[in-house]
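Trainee: What follows is start_35.txt, made up of compact mmCIF, C-alpha atoms:
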# COMPACT_ATOMS: atom_id res chain seq x y z
CA MET A 1 8.68 26.85 17.42
CA SER A 2 8.96 25.56 13.90
CA LYS A 3 9.71 27.31 10.67
CA VAL A 4 7.04 26.29 8.18
CA ALA A 5 6.85 27.01 4.47
CA ILE A 6 3.34 26.63 3.07
CA THR A 7 2.03 27.84 -0.28
CA VAL A 8 -1.35 29.52 0.14
CA ASN A 9 -3.35 30.51 -2.92
CA GLY A 10 -0.19 30.37 -5.01
CA THR A 11 2.05 32.43 -2.72
CA LEU A 12 4.76 30.78 -0.62
CA HIS A 13 4.69 31.89 3.03
CA THR A 14 7.51 31.05 5.41
CA LYS A 15 6.68 31.71 9.06
CA GLU A 16 8.03 30.85 12.48
CA VAL A 17 5.06 29.38 14.40
CA GLU A 18 4.44 27.49 17.63
CA ASP A 19 4.23 23.76 16.97
CA ARG A 20 0.67 23.67 18.35
CA THR A 21 -0.52 26.18 15.71
CA LEU A 22 -3.50 24.81 13.83
CA LEU A 23 -3.74 25.37 10.10
CA VAL A 24 -6.80 27.59 10.58
CA GLN A 25 -4.85 29.75 13.07
CA PHE A 26 -1.95 29.93 10.63
CA LEU A 27 -4.31 31.18 7.92
CA ARG A 28 -6.32 33.61 10.05
CA ASP A 29 -3.82 34.88 12.62
CA HIS A 30 -0.50 34.64 10.81
CA LEU A 31 -1.59 35.42 7.25
CA GLY A 32 -4.69 37.51 7.98
CA LEU A 33 -6.83 35.30 5.75
CA THR A 34 -10.01 35.46 7.82
CA GLY A 35 -12.27 34.07 5.10
CA THR A 36 -11.73 30.61 6.60
CA HIS A 37 -14.02 30.42 9.62
CA VAL A 38 -13.87 28.58 12.92
CA GLY A 39 -17.33 27.25 13.67
CA CYS A 40 -17.40 24.35 16.11
CA ASP A 41 -13.63 23.92 16.55
CA THR A 42 -14.30 20.18 17.02
CA THR A 43 -13.95 18.77 13.45
CA GLN A 44 -17.69 18.56 12.93
CA CYS A 45 -19.09 21.66 11.23
CA GLY A 46 -16.74 22.13 8.25
CA ALA A 47 -16.74 25.97 8.34
CA CYS A 48 -12.91 25.79 8.37
CA THR A 49 -12.69 23.60 5.23
CA VAL A 50 -9.77 24.40 2.94
CA ILE A 51 -8.10 22.37 0.19
CA VAL A 52 -4.65 20.93 0.96
CA ASP A 53 -2.83 19.30 -1.96
CA GLY A 54 -6.11 18.67 -3.77
CA LYS A 55 -8.06 17.36 -0.76
CA ALA A 56 -10.73 19.15 1.25
CA VAL A 57 -9.78 19.04 4.93
CA LYS A 58 -10.86 20.63 8.19
CA SER A 59 -8.16 23.16 8.99
CA CYS A 60 -9.09 23.27 12.70
CA THR A 61 -7.76 19.73 13.09
CA ILE A 62 -4.45 19.91 11.25
CA LEU A 63 -1.20 21.25 12.67
CA ALA A 64 0.40 23.81 10.38
CA ALA A 65 3.80 22.23 11.06
CA SER A 66 2.54 18.87 9.76
CA ILE A 67 1.81 20.20 6.26
CA GLU A 68 5.20 21.81 5.68
CA GLY A 69 5.69 22.11 1.91
CA ALA A 70 2.00 21.70 1.06
CA SER A 71 -0.16 23.82 -1.20
CA VAL A 72 -3.34 25.24 0.35
CA SER A 73 -6.35 26.87 -1.33
CA THR A 74 -8.70 29.05 0.67
CA VAL A 75 -11.83 30.96 -0.26
CA GLU A 76 -9.75 34.12 -0.81
CA GLY A 77 -7.96 32.43 -3.70
CA LEU A 78 -11.05 31.60 -5.76
CA ALA A 79 -12.20 34.87 -7.37
CA ASP A 80 -10.26 36.40 -10.23
CA GLY A 81 -10.33 40.04 -9.17
CA GLU A 82 -13.98 41.11 -9.29
CA LYS A 83 -14.99 37.99 -11.19
CA LEU A 84 -16.37 35.32 -8.86
CA HIS A 85 -15.39 31.67 -9.20
CA ASP A 86 -18.18 29.59 -10.76
CA VAL A 87 -19.03 28.00 -7.41
CA GLN A 88 -19.20 31.40 -5.70
CA ALA A 89 -21.36 32.74 -8.53
CA ALA A 90 -23.69 29.73 -8.24
CA PHE A 91 -24.07 30.23 -4.47
CA HIS A 92 -24.95 33.88 -5.21
CA GLU A 93 -27.37 33.07 -7.99
CA HIS A 94 -29.18 30.26 -6.13
CA HIS A 95 -29.10 32.05 -2.78
CA GLY A 96 -27.03 29.21 -1.31
CA LEU A 97 -26.46 31.10 1.92
CA GLN A 98 -28.41 32.76 4.66
CA CYS A 99 -26.21 34.09 7.49
CA GLY A 100 -23.12 33.17 5.47
CA PHE A 101 -21.02 31.77 8.29
CA CYS A 102 -20.73 28.25 6.86
CA THR A 103 -20.34 29.54 3.30
CA PRO A 104 -16.53 29.58 2.94
CA GLY A 105 -16.38 25.96 4.10
CA MET A 106 -19.35 24.96 1.93
CA ILE A 107 -17.73 26.58 -1.09
CA MET A 108 -14.30 25.01 -0.57
CA ALA A 109 -15.87 21.57 0.01
CA SER A 110 -17.95 22.06 -3.15
CA VAL A 111 -15.00 23.23 -5.29
CA ASN A 112 -13.07 20.14 -4.22
CA MET A 113 -16.07 17.84 -4.73
CA ILE A 114 -16.64 19.12 -8.27
CA GLU A 115 -12.96 18.67 -9.11
CA ARG A 116 -12.75 15.15 -7.67
CA HIS A 117 -15.92 14.06 -9.49
CA ASP A 118 -15.04 16.00 -12.63
CA GLY A 119 -18.42 17.72 -12.40
CA VAL A 120 -20.35 14.44 -12.62
CA LEU A 121 -22.66 14.77 -9.62
CA ASP A 122 -26.25 14.05 -8.74
CA GLU A 123 -28.25 15.34 -5.81
CA ALA A 124 -27.74 12.27 -3.62
CA THR A 125 -23.97 12.42 -4.11
CA VAL A 126 -23.82 16.13 -3.33
CA ARG A 127 -25.82 15.62 -0.13
CA HIS A 128 -23.59 12.70 0.91
CA GLU A 129 -20.40 14.59 0.11
CA LEU A 130 -21.52 17.63 2.12
CA GLU A 131 -22.11 15.50 5.22
CA GLY A 132 -19.17 17.21 6.92
CA ASN A 133 -20.49 20.75 6.41
CA LEU A 134 -23.24 22.02 8.67
CA CYS A 135 -25.49 25.00 7.91
CA ARG A 136 -27.28 26.02 11.09
CA CYS A 137 -29.66 28.21 9.08
CA THR A 138 -30.54 24.86 7.45
CA GLY A 139 -30.22 26.38 3.99
CA TYR A 140 -29.28 23.08 2.43
CA HIS A 141 -31.76 23.00 -0.46
CA ASN A 142 -30.32 26.06 -2.16
CA ILE A 143 -26.75 24.97 -1.40
CA ILE A 144 -27.42 21.69 -3.23
CA LYS A 145 -28.94 23.59 -6.18
CA ALA A 146 -25.88 25.86 -6.30
CA VAL A 147 -23.43 22.94 -6.28
CA LEU A 148 -25.35 21.06 -9.00
CA SER A 149 -25.47 24.19 -11.14
CA ALA A 150 -21.73 24.85 -10.74
CA ALA A 151 -21.01 21.17 -11.49
CA GLU A 152 -22.99 21.40 -14.72
CA LYS A 153 -21.04 24.50 -15.70
CA HIS A 154 -17.79 22.65 -14.95
CA ARG A 155 -18.85 19.73 -17.18
CA ALA A 156 -19.87 22.08 -20.00
CA ALA A 157 -16.59 23.99 -19.80
CA HIS A 158 -14.58 20.75 -19.90
CA ALA A 159 -16.63 19.37 -22.79
CA VAL A 160 -15.82 22.54 -24.78
CA ALA A 161 -12.17 22.33 -23.76
CA ALA A 162 -12.03 18.71 -24.93
CA GLU A 163 -13.36 19.50 -28.41
CA MET B 1 -4.17 23.21 23.37
CA TYR B 2 -1.12 23.14 25.62
CA GLU B 3 2.29 23.60 24.09
CA THR B 4 3.82 20.64 22.35
CA THR B 5 6.87 19.90 20.23
CA TYR B 6 6.28 18.46 16.80
CA HIS B 7 8.64 15.89 15.27
CA ARG B 8 8.58 14.28 11.85
CA PRO B 9 10.94 11.30 11.74
CA GLY B 10 11.69 9.76 8.36
CA THR B 11 12.38 6.23 9.57
CA LEU B 12 10.79 3.75 11.97
CA GLN B 13 13.98 3.48 13.97
CA GLU B 14 14.21 7.24 14.39
CA ALA B 15 10.57 7.41 15.57
CA VAL B 16 10.95 4.61 18.12
CA SER B 17 14.21 5.96 19.48
CA LEU B 18 12.77 9.47 19.77
CA PHE B 19 9.78 8.09 21.68
CA SER B 20 12.07 6.39 24.19
CA LYS B 21 14.26 9.47 24.66
CA VAL B 22 11.64 12.15 25.38
CA GLU B 23 9.06 12.38 28.16
CA GLU B 24 5.33 12.28 27.47
CA ALA B 25 5.42 11.52 23.78
CA ALA B 26 2.52 10.50 21.56
CA TYR B 27 2.54 9.24 18.00
CA LEU B 28 0.51 11.33 15.58
CA SER B 29 -1.05 9.90 12.44
CA GLY B 30 -4.17 11.59 10.97
CA GLY B 31 -4.71 13.16 14.37
CA HIS B 32 -8.48 13.31 13.99
CA THR B 33 -8.95 11.91 17.46
CA LEU B 34 -5.73 13.10 19.09
CA ILE B 35 -5.86 16.76 18.01
CA PRO B 36 -9.47 17.33 19.17
CA THR B 37 -8.55 15.58 22.43
CA MET B 38 -5.55 17.89 22.84
CA LYS B 39 -7.69 20.94 22.04
CA GLY B 40 -10.06 19.87 24.81
CA ARG B 41 -7.00 19.52 27.10
CA LEU B 42 -7.91 15.90 27.76
CA ALA B 43 -4.48 14.94 26.42
CA ALA B 44 -1.34 17.02 26.56
CA PRO B 45 1.60 15.15 25.06
CA ALA B 46 4.77 17.23 25.32
CA HIS B 47 6.03 15.68 22.09
CA LEU B 48 4.13 14.66 18.98
CA ILE B 49 5.89 12.20 16.72
CA ASP B 50 4.26 12.27 13.28
CA VAL B 51 4.56 8.82 11.69
CA ARG B 52 2.95 9.64 8.35
CA ARG B 53 6.14 10.13 6.37
CA ILE B 54 7.72 6.83 7.42
CA PRO B 55 7.81 4.78 4.19
CA GLU B 56 6.89 1.40 5.77
CA LEU B 57 3.54 2.84 6.91
CA SER B 58 2.23 3.58 3.44
CA GLY B 59 1.02 1.52 0.51
CA ILE B 60 -1.50 -1.20 -0.21
CA THR B 61 -0.24 -4.60 -1.39
CA VAL B 62 -2.25 -7.60 -2.44
CA GLY B 63 -1.09 -11.20 -2.11
CA PRO B 64 -2.89 -14.37 -3.15
CA ASP B 65 -4.77 -14.63 0.14
CA ARG B 66 -3.89 -11.37 1.90
CA ILE B 67 -4.39 -7.62 1.63
CA ILE B 68 -1.76 -5.56 3.44
CA VAL B 69 -2.54 -1.93 4.23
CA GLY B 70 0.05 0.51 5.57
CA ALA B 71 -1.00 2.04 8.89
CA ALA B 72 -0.78 5.64 7.60
CA THR B 73 -3.20 4.94 4.72
CA THR B 74 -6.15 7.34 4.87
CA HIS B 75 -9.77 6.20 4.92
CA ALA B 76 -10.29 7.96 1.57
CA THR B 77 -7.45 5.95 0.00
CA VAL B 78 -8.87 2.63 1.26
CA ALA B 79 -12.40 3.62 0.17
CA ALA B 80 -11.15 4.44 -3.36
CA SER B 81 -8.70 1.52 -3.71
CA GLU B 82 -9.57 -0.53 -6.80
CA LYS B 83 -7.22 -3.28 -5.59
CA ILE B 84 -9.18 -3.68 -2.36
CA ARG B 85 -12.58 -3.19 -4.01
CA ALA B 86 -11.92 -6.12 -6.34
CA LEU B 87 -11.29 -8.44 -3.40
CA ILE B 88 -13.02 -7.15 -0.23
CA PRO B 89 -15.54 -4.51 -1.37
CA SER B 90 -17.04 -4.32 2.11
CA LEU B 91 -13.74 -2.99 3.43
CA CYS B 92 -13.91 -0.08 0.95
CA GLY B 93 -17.54 0.52 1.92
CA LEU B 94 -16.60 0.52 5.60
CA ALA B 95 -13.78 3.04 5.04
CA GLY B 96 -16.10 5.22 2.95
CA SER B 97 -18.62 5.33 5.79
CA ILE B 98 -16.24 6.77 8.40
CA GLY B 99 -16.85 10.39 9.41
CA ASP B 100 -17.19 12.65 6.38
CA VAL B 101 -15.20 13.50 3.25
CA GLN B 102 -12.80 15.86 5.00
CA VAL B 103 -12.20 13.45 7.88
CA ARG B 104 -11.58 10.56 5.47
CA HIS B 105 -8.98 12.65 3.64
CA VAL B 106 -6.85 12.79 6.79
CA GLY B 107 -7.81 10.01 9.25
CA THR B 108 -5.82 6.79 8.95
CA ILE B 109 -6.50 3.09 9.41
CA GLY B 110 -3.58 2.71 11.81
CA GLY B 111 -4.77 5.59 13.94
CA SER B 112 -8.24 4.07 14.17
CA VAL B 113 -6.99 0.57 14.98
CA ALA B 114 -4.42 1.83 17.53
CA ASN B 115 -6.98 4.08 19.24
CA ASN B 116 -9.64 1.33 19.44
CA ASP B 117 -12.60 3.63 20.00
CA PRO B 118 -15.59 1.41 20.90
CA ALA B 119 -17.61 3.08 18.10
CA ALA B 120 -14.86 2.91 15.46
CA ASP B 121 -15.53 0.95 12.27
CA TYR B 122 -12.16 -0.62 11.45
CA PRO B 123 -11.77 -2.79 14.59
CA SER B 124 -14.74 -4.89 13.41
CA ALA B 125 -13.05 -5.60 10.06
CA VAL B 126 -9.74 -6.37 11.76
CA LEU B 127 -11.42 -8.93 14.02
CA ALA B 128 -13.76 -10.46 11.43
CA LEU B 129 -11.08 -10.70 8.74
CA ASP B 130 -8.70 -12.39 11.19
CA ALA B 131 -6.07 -9.72 10.53
CA THR B 132 -2.50 -9.67 11.73
CA LEU B 133 -1.23 -6.41 13.19
CA HIS B 134 2.42 -5.86 12.30
CA THR B 135 4.32 -3.46 14.51
CA ASP B 136 7.92 -2.25 14.60
CA ARG B 137 8.79 -5.22 16.84
CA ARG B 138 6.31 -8.10 16.39
CA SER B 139 3.12 -9.40 14.77
CA ILE B 140 -0.06 -9.64 16.81
CA PRO B 141 -3.11 -11.71 15.77
CA ALA B 142 -6.37 -9.74 15.88
CA SER B 143 -7.81 -12.24 18.35
CA GLU B 144 -5.19 -11.11 20.91
CA TYR B 145 -4.87 -7.46 19.96
CA PHE B 146 -7.95 -5.67 21.36
CA ALA B 147 -7.91 -5.24 25.14
CA GLY B 148 -10.97 -3.19 26.08
CA LEU B 149 -12.12 0.40 25.55
CA TYR B 150 -9.41 2.49 23.90
CA THR B 151 -6.92 -0.22 24.85
CA THR B 152 -4.82 -2.61 22.78
CA MET B 153 -1.85 -4.88 23.31
CA LEU B 154 0.46 -2.21 21.84
CA GLU B 155 3.20 -1.32 24.33
CA PRO B 156 4.24 2.28 24.98
CA GLY B 157 6.37 3.34 22.03
CA GLU B 158 5.28 0.46 19.80
CA ILE B 159 4.23 1.56 16.31
CA LEU B 160 1.54 -0.14 14.28
CA VAL B 161 3.16 -0.43 10.84
CA ARG B 162 0.74 -2.40 8.68
CA ILE B 163 -2.43 -4.43 8.87
CA GLU B 164 -2.66 -7.71 7.04
CA PHE B 165 -6.22 -8.81 6.29
CA LYS B 166 -6.95 -12.42 5.49
CA MET B 167 -8.93 -12.65 2.26
CA PRO B 168 -12.38 -14.07 3.01
CA GLU B 169 -14.55 -16.03 0.64
CA ILE B 170 -17.14 -13.30 1.15
CA ALA B 171 -17.86 -10.54 3.65
CA GLY B 172 -20.49 -7.92 4.45
CA TYR B 173 -20.69 -4.84 6.65
CA ALA B 174 -23.81 -3.19 8.05
CA LYS B 175 -23.99 -0.20 10.36
CA PHE B 176 -26.72 1.65 12.16
CA ARG B 177 -25.57 5.16 13.01
CA ASN B 178 -26.50 7.61 15.69
CA PRO B 179 -28.42 10.15 13.60
CA ALA B 180 -26.61 13.09 15.24
CA SER B 181 -23.01 11.98 15.74
CA ARG B 182 -23.01 9.50 12.83
CA TYR B 183 -20.95 7.10 14.93
CA ALA B 184 -22.07 3.48 14.97
CA LEU B 185 -24.67 2.60 17.58
CA ALA B 186 -24.11 -0.93 16.34
CA ALA B 187 -22.30 -2.35 13.32
CA ALA B 188 -21.51 -5.88 12.22
CA PHE B 189 -18.73 -7.15 9.98
CA VAL B 190 -19.51 -10.71 8.88
CA ALA B 191 -16.95 -12.80 7.01
CA ARG B 192 -17.00 -16.36 5.73
CA HIS B 193 -13.41 -17.50 5.46
CA ARG B 194 -11.99 -19.86 2.88
CA ASP B 195 -11.68 -22.61 5.49
CA GLY B 196 -15.44 -22.31 6.07
CA ASN B 197 -15.16 -20.51 9.41
CA ILE B 198 -17.57 -17.63 9.94
CA HIS B 199 -16.58 -14.58 11.95
CA VAL B 200 -19.06 -12.00 13.22
CA ALA B 201 -17.48 -8.90 14.76
CA ILE B 202 -19.60 -6.25 16.43
CA THR B 203 -18.55 -2.65 17.03
CA GLY B 204 -20.31 0.35 18.55
CA ALA B 205 -22.23 -1.73 21.05
CA GLY B 206 -19.96 -3.73 23.38
CA ASN B 207 -19.14 -2.33 26.83
CA ALA B 208 -15.57 -3.58 26.34
CA GLY B 209 -15.34 -2.44 22.72
CA VAL B 210 -15.33 -4.62 19.62
CA PHE B 211 -16.19 -8.30 20.15
CA ARG B 212 -16.85 -11.55 18.29
CA TRP B 213 -20.49 -12.59 18.65
CA THR B 214 -19.98 -16.33 18.95
CA GLU B 215 -23.66 -17.33 19.19
CA ALA B 216 -24.32 -15.67 15.83
CA GLU B 217 -21.22 -17.34 14.38
CA GLU B 218 -22.49 -20.77 15.46
CA ALA B 219 -25.94 -20.10 14.04
CA LEU B 220 -24.47 -18.91 10.72
CA GLN B 221 -22.04 -21.82 10.68
CA ALA B 222 -25.07 -24.14 10.69
CA ARG B 223 -26.93 -22.15 8.04
CA PHE B 224 -25.34 -19.15 6.28
CA GLU B 225 -28.52 -17.17 5.70
CA PRO B 226 -29.90 -13.95 7.22
CA ASP B 227 -32.73 -15.87 8.90
CA ALA B 228 -30.26 -18.01 10.83
CA VAL B 229 -29.75 -15.18 13.33
CA LYS B 230 -33.43 -14.30 13.59
CA GLY B 231 -34.46 -13.92 17.23
CA LEU B 232 -30.86 -14.17 18.40
CA LEU B 233 -29.68 -11.34 20.67
CA PRO B 234 -26.44 -10.75 22.53
CA ASP B 235 -26.54 -10.51 26.34
CA GLU B 236 -27.41 -6.89 27.09
CA ASN B 237 -25.21 -7.00 30.21
CA ASP B 238 -22.25 -7.03 27.82
CA LEU B 239 -23.44 -3.97 25.92
CA MET B 240 -23.12 -0.23 26.42
CA GLY B 241 -26.13 1.72 27.59
CA ASP B 242 -26.03 5.49 27.44
CA MET B 243 -28.11 8.55 26.54
CA HIS B 244 -27.90 7.57 22.86
CA ALA B 245 -29.23 4.04 23.23
CA PRO B 246 -29.97 1.81 26.23
CA ALA B 247 -28.36 -1.63 26.27
CA ASP B 248 -31.55 -3.53 25.34
CA TYR B 249 -32.00 -1.31 22.26
CA ARG B 250 -28.35 -1.85 21.30
CA ALA B 251 -28.89 -5.62 21.68
CA HIS B 252 -31.81 -5.35 19.25
CA LEU B 253 -29.67 -3.30 16.83
CA VAL B 254 -26.85 -5.85 16.97
CA GLY B 255 -29.33 -8.48 15.77
CA VAL B 256 -30.56 -6.16 13.02
CA VAL B 257 -27.13 -5.16 11.68
CA THR B 258 -25.87 -8.75 11.76
CA ARG B 259 -28.82 -9.89 9.67
CA ARG B 260 -28.33 -6.96 7.29
CA ALA B 261 -24.62 -7.73 6.91
CA VAL B 262 -25.51 -11.28 5.83
CA GLU B 263 -28.17 -9.89 3.49
CA ASN B 264 -25.56 -7.61 1.90
CA LEU B 265 -22.58 -9.90 1.42
CA GLY B 266 -20.09 -8.35 -0.96
CA GLY B 267 -21.35 -4.92 0.00
CA THR B 268 -22.04 -2.43 2.74
CA LEU B 269 -25.29 -1.17 4.22
CA ILE B 270 -25.10 2.08 6.16
CA GLU B 271 -28.14 3.56 7.84
Any chance you could put this one into structure tokens?
Mentor:
Amino acid sequence: MSKVAITVNGTLHTKEVEDRTLLVQFLRDHLGLTGTHVGCDTTQCGACTVIVDGKAVKSCTILAASIEGASVSTVEGLADGEKLHDVQAAFHEHHGLQCGFCTPGMIMASVNMIERHDGVLDEATVRHELEGNLCRCTGYHNIIKAVLSAAEKHRAAHAVAAE
Amino acid sequence: MYETTYHRPGTLQEAVSLFSKVEEAAYLSGGHTLIPTMKGRLAAPAHLIDVRRIPELSGITVGPDRIIVGAATTHATVAASEKIRALIPSLCGLAGSIGDVQVRHVGTIGGSVANNDPAADYPSAVLALDATLHTDRRSIPASEYFAGLYTTMLEPGEILVRIEFKMPEIAGYAKFRNPASRYALAAAFVARHRDGNIHVAITGAGNAGVFRWTEAEEALQARFEPDAVKGLLPDENDLMGDMHAPADYRAHLVGVVTRRAVENLGGTLIE
């Protein structure tokens, strides 16, 4: 057992966990944050994507003990009360989901992508960057539209902020 | 996953001594091969020794004729490194073609080179760029390092610390991926060194893992142009054949990617 202290969506959680505990298990089973999904459990599908210290990662393939002291963002941390995050709103508006199972991972990968590229994205880049997120409903077209729309909003907001 | 005990040593010495003291230990770096293997119960180390916070394993340094990359450097860091891009852009392109964004954020060069998966990308660069593998106890030339599928000259408990690439005059990398798994069915790293020697390293295809394709090297030595390897194929008896691609198809692909690597010197072509 290890005592791990991890900040999740701004709140520090200190828990005693088995060393083999995966980050996704820590989030779902120890913190009750079930928005992060387990899809394939083999590092391929990306449904478990969360952001650790500014980087999108697959939480099914990271030991919780190994990220002691890190800061994690999950889909639960995005909305401000009833107000959806811009990426969530864009997925809603563009119907970027069908069954919704891959959506938390898609959204976290997209939030991180938009941040890393500062909103400067084209369709080819979005498709390439979402290579690690699978949608078995094959709803990719609308997902791409949603990400591009949220990226544009991000750019506009930053342009205003810079003035 | 079976139970395991996680350790995070802060120094090389602590890591090596821990490895020798406990039974059934494994070093953990990015863990993007080891953790899935443990989840499938194909590996069950009783102790995991995480090497990522050991200072000697991080950092990228550039010398006049060398690039030295710490073993715990992630693929994303190599792919985005301006220092490397200015000197060996194909190495950045190679790193940026591994797995996907999330995998590149965690997987490390040392983990890839120590694991020596026959479809891994980095072993081809290590071999073609005549790298030196520095460990906690010695330095191993790339030509002696790889020892077959998932096998290297690393001894139990030996830690790969940094990888020193020899700066080529020019290099190119081309890969043809399995459309489902995205692993290389065949990939070629071609480098012309400053002494004029040409190295062609092939990954994804060999039945003993990464290898130097000497016939292609000789042909390119005579004439350093894509056409020089036209019609040249490796012996299919030396290649893997499986449900993804029979050996004769892989032989064909090896010819294709080698030609494409020479056509894209200074860059990377991923298909």
Trainee: With a distance cut-off of 9 Å and only C-alpha atoms, select the neighbouring residues of stretch 174-188 of chain B, excluding the residue or stretch itself and same-chain residues fewer than 2 positions from it, and output the selection as a PyMOL selection string.
Mentor: (chain A and resi 44) or (chain B and resi 94+97-99+119-121+124-125+172+190+200-206+244-245+250-251+253-262+264+267-271)
Trainee: Residues as selected, C-alpha atoms, written as a short mmCIF file (atom, residue, chain, number, x, y, z; two decimals), in the frame of the given file, can you do that?
Mentor:
data_model
loop_
_atom_site.label_atom_id
_atom_site.label_comp_id
_atom_site.auth_asym_id
_atom_site.auth_seq_id
_atom_site.Cartn_x
_atom_site.Cartn_y
_atom_site.Cartn_z
CA GLN A 44 -17.69 18.56 12.93
CA LEU B 94 -16.60 0.52 5.60
CA SER B 97 -18.62 5.33 5.79
CA ILE B 98 -16.24 6.77 8.40
CA GLY B 99 -16.85 10.39 9.41
CA ALA B 119 -17.61 3.08 18.10
CA ALA B 120 -14.86 2.91 15.46
CA ASP B 121 -15.53 0.95 12.27
CA SER B 124 -14.74 -4.89 13.41
CA ALA B 125 -13.05 -5.60 10.06
CA GLY B 172 -20.49 -7.92 4.45
CA VAL B 190 -19.51 -10.71 8.88
CA VAL B 200 -19.06 -12.00 13.22
CA ALA B 201 -17.48 -8.90 14.76
CA ILE B 202 -19.60 -6.25 16.43
CA THR B 203 -18.55 -2.65 17.03
CA GLY B 204 -20.31 0.35 18.55
CA ALA B 205 -22.23 -1.73 21.05
CA GLY B 206 -19.96 -3.73 23.38
CA HIS B 244 -27.90 7.57 22.86
CA ALA B 245 -29.23 4.04 23.23
CA ARG B 250 -28.35 -1.85 21.30
CA ALA B 251 -28.89 -5.62 21.68
CA LEU B 253 -29.67 -3.30 16.83
CA VAL B 254 -26.85 -5.85 16.97
CA GLY B 255 -29.33 -8.48 15.77
CA VAL B 256 -30.56 -6.16 13.02
CA VAL B 257 -27.13 -5.16 11.68
CA THR B 258 -25.87 -8.75 11.76
CA ARG B 259 -28.82 -9.89 9.67
CA ARG B 260 -28.33 -6.96 7.29
CA ALA B 261 -24.62 -7.73 6.91
CA VAL B 262 -25.51 -11.28 5.83
CA ASN B 264 -25.56 -7.61 1.90
CA GLY B 267 -21.35 -4.92 0.00
CA THR B 268 -22.04 -2.43 2.74
CA LEU B 269 -25.29 -1.17 4.22
CA ILE B 270 -25.10 2.08 6.16
CA GLU B 271 -28.14 3.56 7.84
#
Trainee: What are the nearest atom pairs, with distances in Å to one decimal, for all residues of chain A that come at most 12 Å from chain B, using all atoms listed in the file, set out by chain and rising residue number as a tab-separated table?
Mentor:
residue	atom	partner	partner_atom	distance
A:Met1	CA	B:Thr5	CA	7.7
A:Ser2	CA	B:Tyr6	CA	8.1
A:Lys3	CA	B:Tyr6	CA	11.3
A:Val4	CA	B:Tyr6	CA	11.7
A:Val17	CA	B:Tyr6	CA	11.2
A:Glu18	CA	B:Glu3	CA	7.8
A:Asp19	CA	B:Tyr6	CA	5.7
A:Arg20	CA	B:Thr4	CA	5.9
A:Thr21	CA	B:Met1	CA	9.0
A:Leu22	CA	B:Ile35	CA	9.4
A:Leu23	CA	B:Ile35	CA	11.9
A:Cys40	CA	B:Pro36	CA	11.0
A:Asp41	CA	B:Pro36	CA	8.2
A:Thr42	CA	B:Pro36	CA	6.0
A:Thr43	CA	B:Pro36	CA	7.4
A:Gln44	CA	B:Asp100	CA	8.8
A:Cys45	CA	B:Asp100	CA	10.4
A:Gly46	CA	B:Gln102	CA	8.1
A:Ala47	CA	B:Gln102	CA	11.4
A:Cys48	CA	B:Gln102	CA	10.5
A:Thr49	CA	B:Gln102	CA	7.7
A:Val50	CA	B:Gln102	CA	9.3
A:Ile51	CA	B:Gln102	CA	9.4
A:Val52	CA	B:His105	CA	9.7
A:Asp53	CA	B:His105	CA	10.6
A:Gly54	CA	B:His105	CA	10.0
A:Lys55	CA	B:His105	CA	6.5
A:Ala56	CA	B:Gln102	CA	5.4
A:Val57	CA	B:Gln102	CA	4.4
A:Lys58	CA	B:Gln102	CA	6.1
A:Ser59	CA	B:Gln102	CA	9.5
A:Cys60	CA	B:Pro36	CA	8.8
A:Thr61	CA	B:Ile35	CA	6.1
A:Ile62	CA	B:Gly31	CA	7.4
A:Leu63	CA	B:Ile35	CA	8.4
A:Ala64	CA	B:Tyr6	CA	10.2
A:Ala65	CA	B:Tyr6	CA	7.3
A:Ser66	CA	B:Asp50	CA	7.7
A:Ile67	CA	B:Arg8	CA	10.6
A:Glu68	CA	B:Arg8	CA	10.3
A:Gly105	CA	B:Gln102	CA	10.8
A:Met106	CA	B:Gln102	CA	11.6
A:Met108	CA	B:Gln102	CA	10.8
A:Ala109	CA	B:Gln102	CA	8.2
A:Ser110	CA	B:Val101	CA	11.0
A:Asn112	CA	B:Gln102	CA	10.2
A:Met113	CA	B:Val101	CA	9.1
A:Arg116	CA	B:Val101	CA	11.3
A:Thr125	CA	B:Val101	CA	11.5
A:Val126	CA	B:Val101	CA	11.2
A:Arg127	CA	B:Asp100	CA	11.2
A:His128	CA	B:Asp100	CA	8.4
A:Glu129	CA	B:Val101	CA	6.2
A:Leu130	CA	B:Val101	CA	7.6
A:Glu131	CA	B:Asp100	CA	5.8
A:Gly132	CA	B:Asp100	CA	5.0
A:Asn133	CA	B:Asp100	CA	8.7
A:Leu134	CA	B:Asp100	CA	11.4
Trainee: What is the distance between atom CA of B:His199 and atom CA of B:Glu169, in Å to one decimal?
Mentor: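 Between these atoms lies a distance of 11.6 Å.
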Trainee: Using all atoms listed in the file for the distances, tell me which of A:Gly35, A:Gly10, A:Gly119, A:Gly69 is nearest to A:Ile107.
Mentor: A:Gly35
Trainee: To box stretch 143-159 of chain A, take all atoms listed in the file, fit an axis-aligned box, add 6 Å on each side, and give centre and edge lengths in Å to one decimal, as JSON.
Mentor:
{"center_x": -21.8, "center_y": 22.6, "center_z": -12.1, "size_x": 26.4, "size_y": 18.5, "size_z": 33.4}
Trainee: Which polymer residues, protein or nucleic acid, are no farther than 12 Å from (5.3, -7.5, 17.1), counting only C-alpha atoms, as a PyMOL selection string?
Mentor: chain B and resi 132-142+144-145+153-155+157-163
Trainee: One decimal, in Å: what's the spacing between atom CA of B:Asn115 and atom CA of B:Thr214?
Mentor: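 That distance, rounded to one decimal, is 24.2 Å.
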Trainee: How many Å separate atom CA of B:Met240 from atom CA of B:Ala208?
Mentor: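 Separating atom CA of B:Met240 from atom CA of B:Ala208 is a distance of 8.3 Å.
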